[in-house]
$ cat query_27.txt   # compact mmCIF, C-alpha atoms and all ligand atoms
# COMPACT_ATOMS: atom_id res chain seq x y z
CA MET T 1 3.68 -23.15 -15.98
CA ILE T 2 2.44 -26.42 -14.57
CA ARG T 3 -0.44 -25.32 -12.33
CA MET T 4 -0.45 -27.98 -9.61
CA ARG T 5 -2.83 -25.87 -7.55
CA ARG T 6 -5.70 -26.73 -9.96
CA LEU T 7 -5.92 -30.01 -8.08
CA ARG T 8 -6.37 -28.20 -4.75
CA VAL T 9 -9.10 -25.63 -5.50
CA ASN T 10 -11.72 -27.09 -3.17
CA GLU T 11 -12.39 -30.14 -1.02
CA THR T 12 -14.39 -31.91 -3.73
CA MET T 13 -11.50 -31.61 -6.17
CA ARG T 14 -8.98 -32.58 -3.50
CA SER T 15 -10.94 -35.65 -2.53
CA LEU T 16 -11.32 -36.60 -6.20
CA VAL T 17 -7.55 -36.85 -6.62
CA ARG T 18 -6.75 -38.12 -3.11
CA GLU T 19 -4.52 -41.17 -3.42
CA THR T 20 -4.75 -42.63 0.08
CA SER T 21 -7.52 -43.17 2.58
CA VAL T 22 -7.79 -44.69 6.02
CA SER T 23 -10.76 -46.84 6.97
CA LYS T 24 -11.89 -48.64 10.09
CA SER T 25 -11.18 -51.98 8.49
CA ASP T 26 -7.47 -51.10 8.43
CA LEU T 27 -7.25 -50.75 12.20
CA VAL T 28 -6.03 -53.16 14.85
CA TYR T 29 -6.36 -52.16 18.51
CA PRO T 30 -3.84 -53.62 21.02
CA VAL T 31 -5.21 -54.58 24.45
CA PHE T 32 -3.57 -55.60 27.74
CA ILE T 33 -5.17 -58.23 29.97
CA ILE T 34 -3.77 -58.77 33.41
CA GLU T 35 -4.31 -61.69 35.77
CA GLY T 36 -6.48 -60.97 38.80
CA SER T 37 -9.94 -59.58 39.32
CA ASN T 38 -11.63 -56.20 39.29
CA ILE T 39 -8.61 -54.42 37.82
CA LYS T 40 -8.67 -51.43 35.50
CA ARG T 41 -5.28 -49.84 35.86
CA PRO T 42 -4.08 -46.93 33.75
CA VAL T 43 -0.72 -47.27 32.02
CA ASP T 44 0.95 -44.01 33.06
CA SER T 45 3.17 -43.69 30.01
CA MET T 46 0.24 -44.39 27.64
CA PRO T 47 -2.60 -41.96 28.45
CA GLY T 48 -5.98 -43.53 27.65
CA ILE T 49 -4.65 -47.11 27.75
CA TYR T 50 -5.47 -49.48 30.63
CA GLN T 51 -4.66 -52.96 31.84
CA TYR T 52 -7.88 -54.87 32.46
CA SER T 53 -8.55 -58.07 34.32
CA ILE T 54 -10.78 -60.45 32.35
CA ASP T 55 -13.85 -59.66 34.48
CA ARG T 56 -13.48 -55.91 33.79
CA PHE T 57 -12.71 -56.26 30.09
CA ASP T 58 -16.42 -56.07 29.10
CA GLU T 59 -16.23 -52.33 29.49
CA GLU T 60 -13.40 -52.11 26.95
CA LEU T 61 -15.12 -54.60 24.66
CA LYS T 62 -18.15 -52.30 24.54
CA ARG T 63 -15.95 -49.32 23.62
CA ILE T 64 -14.30 -51.35 20.84
CA GLN T 65 -17.65 -52.46 19.44
CA ALA T 66 -19.14 -48.97 19.70
CA ALA T 67 -16.18 -47.57 17.76
CA GLY T 68 -16.67 -50.19 15.05
CA VAL T 69 -13.14 -51.58 15.33
CA LYS T 70 -13.17 -55.24 14.28
CA THR T 71 -9.73 -56.54 15.21
CA ILE T 72 -7.74 -56.60 18.43
CA LEU T 73 -4.19 -57.66 19.26
CA ILE T 74 -4.10 -59.25 22.68
CA PHE T 75 -1.27 -59.17 25.23
CA GLY T 76 -1.63 -61.17 28.44
CA ILE T 77 0.25 -60.30 31.60
CA PRO T 78 0.56 -63.31 33.93
CA ALA T 79 0.90 -63.13 37.71
CA HIS T 80 3.52 -65.88 37.71
CA LYS T 81 6.73 -65.58 35.68
CA ASP T 82 9.57 -68.11 35.51
CA GLU T 83 12.78 -68.85 33.60
CA VAL T 84 10.98 -70.78 30.86
CA GLY T 85 7.81 -68.66 30.53
CA SER T 86 5.49 -71.55 31.46
CA GLU T 87 2.35 -69.42 31.54
CA ALA T 88 2.75 -68.60 27.82
CA TYR T 89 1.82 -72.18 26.87
CA ASN T 90 -0.47 -73.00 29.78
CA ASP T 91 -3.93 -73.76 28.34
CA GLU T 92 -5.38 -72.11 31.48
CA GLY T 93 -3.06 -69.09 31.25
CA VAL T 94 -4.37 -65.52 31.40
CA THR T 95 -4.15 -64.95 27.64
CA GLN T 96 -5.90 -68.23 26.81
CA GLN T 97 -8.69 -67.52 29.31
CA ALA T 98 -9.07 -63.98 27.99
CA ILE T 99 -9.39 -65.16 24.39
CA ARG T 100 -12.03 -67.72 25.36
CA ALA T 101 -13.99 -65.07 27.28
CA ILE T 102 -13.79 -62.58 24.42
CA LYS T 103 -14.88 -65.18 21.85
CA VAL T 104 -17.98 -65.95 23.94
CA LYS T 105 -18.97 -62.29 24.22
CA ALA T 106 -17.85 -61.04 20.81
CA PRO T 107 -17.59 -64.03 18.45
CA ASP T 108 -17.09 -61.81 15.39
CA LEU T 109 -14.23 -59.79 16.80
CA LEU T 110 -11.02 -60.91 15.08
CA VAL T 111 -8.44 -61.81 17.71
CA ILE T 112 -4.74 -61.63 16.97
CA ALA T 113 -2.59 -63.20 19.69
CA ASP T 114 0.93 -61.92 20.18
CA VAL T 115 3.31 -64.84 20.66
CA CYS T 116 6.43 -64.12 22.65
CA LEU T 117 7.99 -65.17 25.92
CA CYS T 118 9.04 -61.78 27.31
CA GLU T 119 5.77 -61.12 29.15
CA TYR T 120 6.08 -64.56 30.76
CA THR T 121 9.77 -64.94 31.62
CA SER T 122 11.29 -63.81 34.93
CA HIS T 123 14.30 -62.41 33.01
CA GLY T 124 12.08 -60.55 30.50
CA HIS T 125 13.82 -61.85 27.38
CA CYS T 126 11.86 -63.10 24.37
CA GLY T 127 13.54 -66.52 24.43
CA LEU T 128 15.11 -69.13 26.66
CA ILE T 129 18.44 -68.15 28.14
CA ARG T 130 21.68 -69.95 28.95
CA GLY T 131 23.77 -67.55 31.01
CA HIS T 132 23.37 -64.32 29.08
CA GLU T 133 22.81 -66.00 25.72
CA ILE T 134 19.33 -66.02 24.19
CA LEU T 135 18.85 -69.45 22.64
CA ASN T 136 17.19 -69.70 19.24
CA ASP T 137 16.24 -73.29 18.44
CA GLU T 138 15.29 -74.24 22.00
CA THR T 139 12.97 -71.22 22.07
CA LEU T 140 11.17 -72.35 18.90
CA VAL T 141 9.77 -75.38 20.69
CA LEU T 142 8.10 -73.18 23.32
CA LEU T 143 6.83 -70.70 20.73
CA GLY T 144 5.24 -73.59 18.84
CA LYS T 145 3.52 -74.80 22.01
CA THR T 146 2.35 -71.27 22.79
CA ALA T 147 0.92 -70.76 19.30
CA VAL T 148 -1.00 -74.05 19.45
CA SER T 149 -2.34 -73.26 22.91
CA LEU T 150 -3.54 -69.80 21.77
CA ALA T 151 -5.10 -71.23 18.60
CA LYS T 152 -6.90 -73.81 20.75
CA ALA T 153 -8.25 -70.96 22.89
CA GLY T 154 -9.73 -69.41 19.76
CA ALA T 155 -7.15 -66.95 18.39
CA ASP T 156 -7.76 -66.25 14.70
CA VAL T 157 -4.26 -64.98 14.02
CA ILE T 158 -0.91 -65.84 15.59
CA ALA T 159 1.61 -63.01 15.63
CA PRO T 160 5.09 -64.12 16.70
CA SER T 161 7.04 -61.08 17.95
CA ASP T 162 10.08 -62.90 19.32
CA MET T 163 12.45 -62.39 16.32
CA MET T 164 13.92 -65.90 16.61
CA ASP T 165 15.13 -67.32 13.28
CA GLY T 166 12.85 -69.88 11.70
CA HIS T 167 9.93 -69.03 14.00
CA VAL T 168 7.28 -68.70 11.31
CA ALA T 169 8.11 -72.07 9.73
CA TYR T 170 8.21 -73.77 13.13
CA ILE T 171 4.90 -72.28 14.22
CA ARG T 172 3.24 -73.03 10.85
CA ASP T 173 4.20 -76.71 11.20
CA ALA T 174 3.03 -76.82 14.81
CA LEU T 175 -0.33 -75.27 13.91
CA ASP T 176 -0.81 -77.58 10.91
CA ASP T 177 0.16 -80.69 12.90
CA ASN T 178 -2.55 -79.81 15.41
CA GLY T 179 -5.24 -79.21 12.82
CA PHE T 180 -5.14 -75.40 12.81
CA LEU T 181 -4.76 -75.13 9.03
CA ASN T 182 -6.77 -71.91 8.86
CA THR T 183 -5.09 -70.07 11.71
CA MET T 184 -3.29 -67.21 10.05
CA ILE T 185 0.26 -66.09 10.86
CA MET T 186 1.20 -62.44 10.95
CA GLY T 187 4.95 -62.27 11.39
CA TYR T 188 6.55 -59.40 13.25
CA SER T 189 8.95 -59.69 10.34
CA ALA T 190 11.10 -56.61 10.60
CA LYS T 191 11.07 -55.70 14.25
CA PHE T 192 13.75 -53.21 15.20
CA ALA T 193 15.57 -52.94 18.54
CA SER T 194 13.84 -49.68 19.29
CA GLY T 195 13.67 -47.14 22.09
CA TYR T 196 10.04 -46.63 21.08
CA TYR T 197 8.90 -49.74 23.00
CA ALA T 198 9.59 -48.27 26.45
CA PRO T 199 5.97 -47.44 27.41
CA PHE T 200 4.84 -50.91 26.28
CA ARG T 201 7.33 -52.53 28.62
CA ASP T 202 5.61 -50.69 31.50
CA ALA T 203 2.23 -51.84 30.22
CA ALA T 204 3.26 -55.48 29.72
CA HIS T 205 5.86 -55.72 32.52
CA SER T 206 8.32 -57.10 30.00
CA ALA T 207 11.55 -55.10 30.28
CA PRO T 208 14.63 -57.36 30.13
CA SER T 209 16.33 -57.70 33.51
CA PHE T 210 19.80 -57.80 31.93
CA GLY T 211 21.25 -56.70 28.59
CA ASP T 212 18.98 -55.68 25.73
CA ARG T 213 17.30 -57.22 22.69
CA GLN T 214 19.94 -56.34 20.11
CA THR T 215 21.01 -59.94 19.47
CA TYR T 216 17.56 -60.77 18.11
CA GLN T 217 15.74 -57.55 17.19
CA MET T 218 17.04 -55.62 14.19
CA ASP T 219 19.62 -52.85 13.99
CA PRO T 220 17.73 -49.58 13.24
CA ALA T 221 20.40 -48.78 10.66
CA ASN T 222 19.49 -51.67 8.33
CA GLY T 223 16.86 -51.28 5.64
CA LYS T 224 18.03 -53.94 3.19
CA GLU T 225 18.25 -56.51 5.96
CA ALA T 226 14.67 -55.61 6.93
CA VAL T 227 13.56 -56.57 3.42
CA ARG T 228 15.38 -59.91 3.82
CA GLU T 229 13.60 -60.50 7.15
CA CYS T 230 10.25 -59.98 5.42
CA GLU T 231 11.25 -62.27 2.55
CA ALA T 232 12.31 -64.95 5.03
CA ASP T 233 8.97 -64.81 6.87
CA ILE T 234 7.09 -65.05 3.55
CA GLU T 235 9.17 -68.05 2.50
CA GLU T 236 8.44 -69.67 5.86
CA GLY T 237 4.70 -69.26 5.35
CA ALA T 238 3.65 -65.96 6.91
CA ASP T 239 0.30 -64.71 5.57
CA VAL T 240 0.91 -61.10 6.58
CA ILE T 241 4.21 -59.41 7.34
CA MET T 242 4.70 -56.60 9.81
CA ILE T 243 7.14 -53.75 10.16
CA LYS T 244 7.63 -52.27 13.60
CA PRO T 245 7.83 -49.44 14.73
CA ALA T 246 5.91 -47.64 11.98
CA LEU T 247 6.73 -43.97 11.50
CA PRO T 248 10.54 -44.03 11.79
CA TYR T 249 10.59 -47.04 9.40
CA LEU T 250 8.21 -45.99 6.61
CA ASP T 251 11.10 -46.31 4.16
CA VAL T 252 11.14 -50.02 5.03
CA VAL T 253 7.36 -50.27 4.57
CA LYS T 254 7.74 -48.69 1.14
CA ALA T 255 10.69 -50.87 0.13
CA VAL T 256 8.88 -54.03 1.17
CA SER T 257 5.62 -52.97 -0.49
CA LEU T 258 7.42 -52.54 -3.80
CA ARG T 259 8.80 -56.08 -3.59
CA THR T 260 5.92 -58.18 -2.34
CA ASN T 261 2.23 -58.67 -2.95
CA TYR T 262 1.64 -59.94 0.57
CA PRO T 263 -0.40 -57.71 2.89
CA ILE T 264 1.78 -55.48 5.05
CA ALA T 265 1.03 -54.35 8.59
CA ALA T 266 2.78 -51.50 10.39
CA TYR T 267 2.83 -51.27 14.18
CA ASN T 268 2.49 -47.68 15.40
CA VAL T 269 4.07 -48.54 18.76
CA SER T 270 3.72 -47.31 22.33
CA GLY T 271 6.45 -44.66 22.16
CA GLU T 272 5.00 -43.18 18.98
CA TYR T 273 1.64 -43.03 20.75
CA ALA T 274 3.04 -41.54 23.97
CA MET T 275 4.83 -38.72 22.15
CA VAL T 276 1.66 -37.65 20.37
CA LYS T 277 -0.49 -37.93 23.50
CA VAL T 278 1.80 -35.90 25.72
CA ALA T 279 2.26 -33.11 23.17
CA ALA T 280 -1.52 -33.02 22.64
CA GLN T 281 -2.16 -32.86 26.39
CA LYS T 282 0.16 -29.88 26.55
CA GLY T 283 -1.86 -28.22 23.80
CA TRP T 284 1.18 -28.07 21.54
CA ILE T 285 -0.32 -30.07 18.68
CA ASP T 286 -3.80 -30.82 17.36
CA GLU T 287 -4.18 -34.50 18.29
CA LYS T 288 -6.76 -35.46 15.68
CA ARG T 289 -4.90 -33.74 12.89
CA ILE T 290 -1.53 -35.26 13.82
CA VAL T 291 -2.91 -38.77 14.32
CA MET T 292 -4.82 -38.74 11.02
CA GLU T 293 -1.70 -37.44 9.25
CA ASN T 294 0.32 -40.27 10.80
CA MET T 295 -2.28 -42.88 9.78
CA THR T 296 -2.37 -41.54 6.24
CA ALA T 297 1.43 -41.59 6.02
CA ILE T 298 1.49 -45.24 7.09
CA LYS T 299 -1.05 -46.14 4.41
CA ARG T 300 0.74 -44.04 1.78
CA ALA T 301 3.99 -45.89 2.45
CA GLY T 302 2.25 -49.14 1.52
CA ALA T 303 0.85 -50.72 4.67
CA LYS T 304 -2.71 -52.06 4.55
CA ILE T 305 -3.03 -52.81 8.25
CA ILE T 306 -2.28 -50.29 11.01
CA ILE T 307 -1.83 -51.57 14.54
CA THR T 308 -2.32 -48.56 16.79
CA TYR T 309 -3.35 -47.51 20.29
CA HIS T 310 -5.16 -44.60 18.57
CA ALA T 311 -7.53 -47.06 16.83
CA LEU T 312 -10.71 -46.20 18.76
CA ASP T 313 -10.11 -42.46 18.41
CA VAL T 314 -9.38 -42.84 14.70
CA ALA T 315 -12.60 -44.81 14.26
CA HIS T 316 -14.60 -42.02 15.93
CA TRP T 317 -12.89 -39.34 13.87
CA LEU T 318 -13.68 -41.27 10.69
CA ASP T 319 -17.35 -41.30 11.75
CA GLU T 320 -17.27 -37.51 12.20
CA GLU T 321 -16.11 -37.10 8.62
CA LEU T 322 -19.14 -38.90 7.15
C1 LIG S 401 6.95 -58.41 22.72
C2 LIG S 401 6.44 -57.15 22.13
C3 LIG S 401 6.90 -55.83 22.31
C4 LIG S 401 6.02 -55.01 21.61
C5 LIG S 401 5.09 -55.83 21.00
N1 LIG S 401 5.38 -57.15 21.31
C6 LIG S 401 7.97 -55.27 23.15
C7 LIG S 401 9.38 -55.56 22.96
O1 LIG S 401 9.82 -56.20 22.01
O2 LIG S 401 10.09 -55.15 23.85
C8 LIG S 401 6.09 -53.52 21.54
C9 LIG S 401 4.81 -52.83 21.28
C10 LIG S 401 4.78 -51.38 21.57
O3 LIG S 401 5.78 -50.74 21.94
O4 LIG S 401 3.70 -50.82 21.43
N2 LIG S 401 8.11 -58.89 22.20
ZN ZN S 402 9.20 -60.44 23.36

$ encode --input "query_27.txt" --output "structure tokens" --more "lines below"
Ligand code: PBG
Ligand code: ZN
Amino acid sequence: MIRMRRLRVNETMRSLVRETSVSKSDLVYPVFIIEGSNIKRPVDSMPGIYQYSIDRFDEELKRIQAAGVKTILIFGIPAHKDEVGSEAYNDEGVTQQAIRAIKVKAPDLLVIADVCLCEYTSHGHCGLIRGHEILNDETLVLLGKTAVSLAKAGADVIAPSDMMDGHVAYIRDALDDNGFLNTMIMGYSAKFASGYYAPFRDAAHSAPSFGDRQTYQMDPANGKEAVRECEADIEEGADVIMIKPALPYLDVVKAVSLRTNYPIAAYNVSGEYAMVKVAAQKGWIDEKRIVMENMTAIKRAGAKIIITYHALDVAHWLDEEL
């Protein structure tokens, strides 16, 4: 008989043979900054998550620092939206101002800036539109301007989430041409057209006003194509590739991790978060246990970086274990 249970006799033995661990340095915490003043508004579909105006963000910054989380992913929500998403590449836009303010107060906090137009366009699509068509190459120009503007504001990492073809190469050139040789790019490489983004679209006011995102985000049925998307971003110069959502797509994380030596990030998105939170609030699941199991599964599949709304809780739970 092969006695597998020898490896499980006690916690010391189990931890000796444990293959995967989660640490604070793996975590990225997404934050929402809204234009205006004195705002701290709960996102109903994401319990524990708030939109903050820049002047109220100090409170959140203190929580992040107390938890020991070192990296944030920033989403700005402008007051003014138009057809061409002007506020995305306005040097005085809400996201740019927020990054500057954060870098003054917490210079060591790593700031990843999401680059997309959907939070900034009146129609809520991630690119420029002509009629009901989402234009690719015309959009690249605006994404390049946005990336440069965010880098100028102090973003350490640019994370294009638009799913336009050629975006990483275009943004890399734009950053290099403007002297931002060391600004990293984390591509949202395999981003699926997912129902799991619904709570985020409440938080970021970015639901499309017509149609859906299926002409640019990926078909959930396609794993091989997801690998090609990651390969394309790497060829174009991405430093880190991301798969999104995380848990329903761990097969993709695994497939990509077996084929590349680039760091992989997985985005545990708003819908994944909301499902856990609501079941925990009902008392139907043990929140800490489920979240830590989810984090471990994401690492086990091959991701190094986990972008998650649970980040501060996870950091505290990791402290408890010491
Ligand atoms: C913007 C963007 C989205 C998310 C991250 N960046 C929404 C979307 O594509 O509709 C989703 C994040 C989440 O659900 O937590 N393109
Ligand atoms: Zn978008």

$ residues_near_ligand --input "query_27.txt" --ligand "ligand LIG 401 (chain S)" --cutoff "10 Å" --atoms "all atoms listed in the file" --output "PyMOL selection string"
chain T and resi 30+46+73-75+114-119+124-127+159-163+188+191-208+212-213+216-217+244-245+267-274+307-309

$ residues_near_point --input "query_27.txt" --point "(4.2, -65.7, 30.0)" --cutoff "10 Å" --atoms "all atoms listed in the file" --output "PyMOL selection string"
chain T and resi 75-90+93-95+115-122+124+126+146+206

$ closest_residue --input "query_27.txt" --among "T:Ile33, T:Ala303, T:Leu128, T:Met4" --to "ligand ZN 402 (chain S)" --atoms "all atoms listed in the file"
T:Leu128

$ closest_residue --input "query_27.txt" --among "T:Arg172, T:Arg18, T:His123, T:Lys105" --to "ligand ZN 402 (chain S)" --atoms "all atoms listed in the file"
T:His123

$ closest_residue --input "query_27.txt" --among "T:Ile306, T:Ala66, T:Leu140, T:Ala232" --to "His167 in chain T" --atoms "only C-alpha atoms"
T:Leu140

$ closest_residue --input "query_27.txt" --among "T:Ile72, T:Met218, T:Ile129, T:Met164" --to "ligand ZN 402 (chain S)" --atoms "only C-alpha atoms and all ligand atoms"
T:Met164

$ closest_residue --input "query_27.txt" --among "T:Ala301, T:Ile234, T:Arg63, T:Asn222" --to "Ala255 in chain T" --atoms "only C-alpha atoms"
T:Ala301

$ axis_aligned_box --input "query_27.txt" --around "range 31-46 of chain T" --padding-each-side "4 Å" --output "JSON"
{"center_x": -4.2, "center_y": -52.7, "center_z": 31.9, "size_x": 22.8, "size_y": 26.0, "size_z": 22.9}

$ atom_distance --input "query_27.txt" --atom1 "CA of Gln97 in chain T" --atom2 "CA of Val148 in chain T"
14.1 Å

$ atom_distance --input "query_27.txt" --atom1 "CA of Ile158 in chain T" --atom2 "CA of Ile185 in chain T"
4.9 Å

$ closest_residue --input "query_27.txt" --among "T:Met1, T:Leu318, T:Ile99, T:Leu143" --to "ligand ZN 402 (chain S)" --atoms "only C-alpha atoms and all ligand atoms"
T:Leu143

$ residues_around --input "query_27.txt" --residues "His316 in chain T" --least-positions-apart "3" --cutoff "10 Å" --atoms "all atoms listed in the file" --output "PyMOL selection string"
chain T and resi 24+66-69+311-313+319-321

$ residues_around --input "query_27.txt" --residues "Asn178 in chain T" --least-positions-apart "4" --cutoff "12 Å" --atoms "all atoms listed in the file" --output "ChimeraX atom specification"
/T:144-145,147-152,171-174,182-183

$ write_last_selection --input "query_27.txt" --atoms "C-alpha atoms" --output "PDB file, keeping the file's coordinate frame"
ATOM      1  CA  GLY T 144       5.240 -73.590  18.840  1.00  0.00           C
ATOM      2  CA  LYS T 145       3.520 -74.800  22.010  1.00  0.00           C
ATOM      3  CA  ALA T 147       0.920 -70.760  19.300  1.00  0.00           C
ATOM      4  CA  VAL T 148      -1.000 -74.050  19.450  1.00  0.00           C
ATOM      5  CA  SER T 149      -2.340 -73.260  22.910  1.00  0.00           C
ATOM      6  CA  LEU T 150      -3.540 -69.800  21.770  1.00  0.00           C
ATOM      7  CA  ALA T 151      -5.100 -71.230  18.600  1.00  0.00           C
ATOM      8  CA  LYS T 152      -6.900 -73.810  20.750  1.00  0.00           C
ATOM      9  CA  ILE T 171       4.900 -72.280  14.220  1.00  0.00           C
ATOM     10  CA  ARG T 172       3.240 -73.030  10.850  1.00  0.00           C
ATOM     11  CA  ASP T 173       4.200 -76.710  11.200  1.00  0.00           C
ATOM     12  CA  ALA T 174       3.030 -76.820  14.810  1.00  0.00           C
ATOM     13  CA  ASN T 182      -6.770 -71.910   8.860  1.00  0.00           C
ATOM     14  CA  THR T 183      -5.090 -70.070  11.710  1.00  0.00           C
TER      15      THR T 183
END

$ atom_distance --input "query_27.txt" --atom1 "CA of Gln281 in chain T" --atom2 "CA of Arg56 in chain T"
26.7 Å

$ residues_near_point --input "query_27.txt" --point "(-15.8, -62.9, 16.0)" --cutoff "10 Å" --atoms "all atoms listed in the file" --output "PyMOL selection string"
chain T and resi 70-71+102-111+154-156
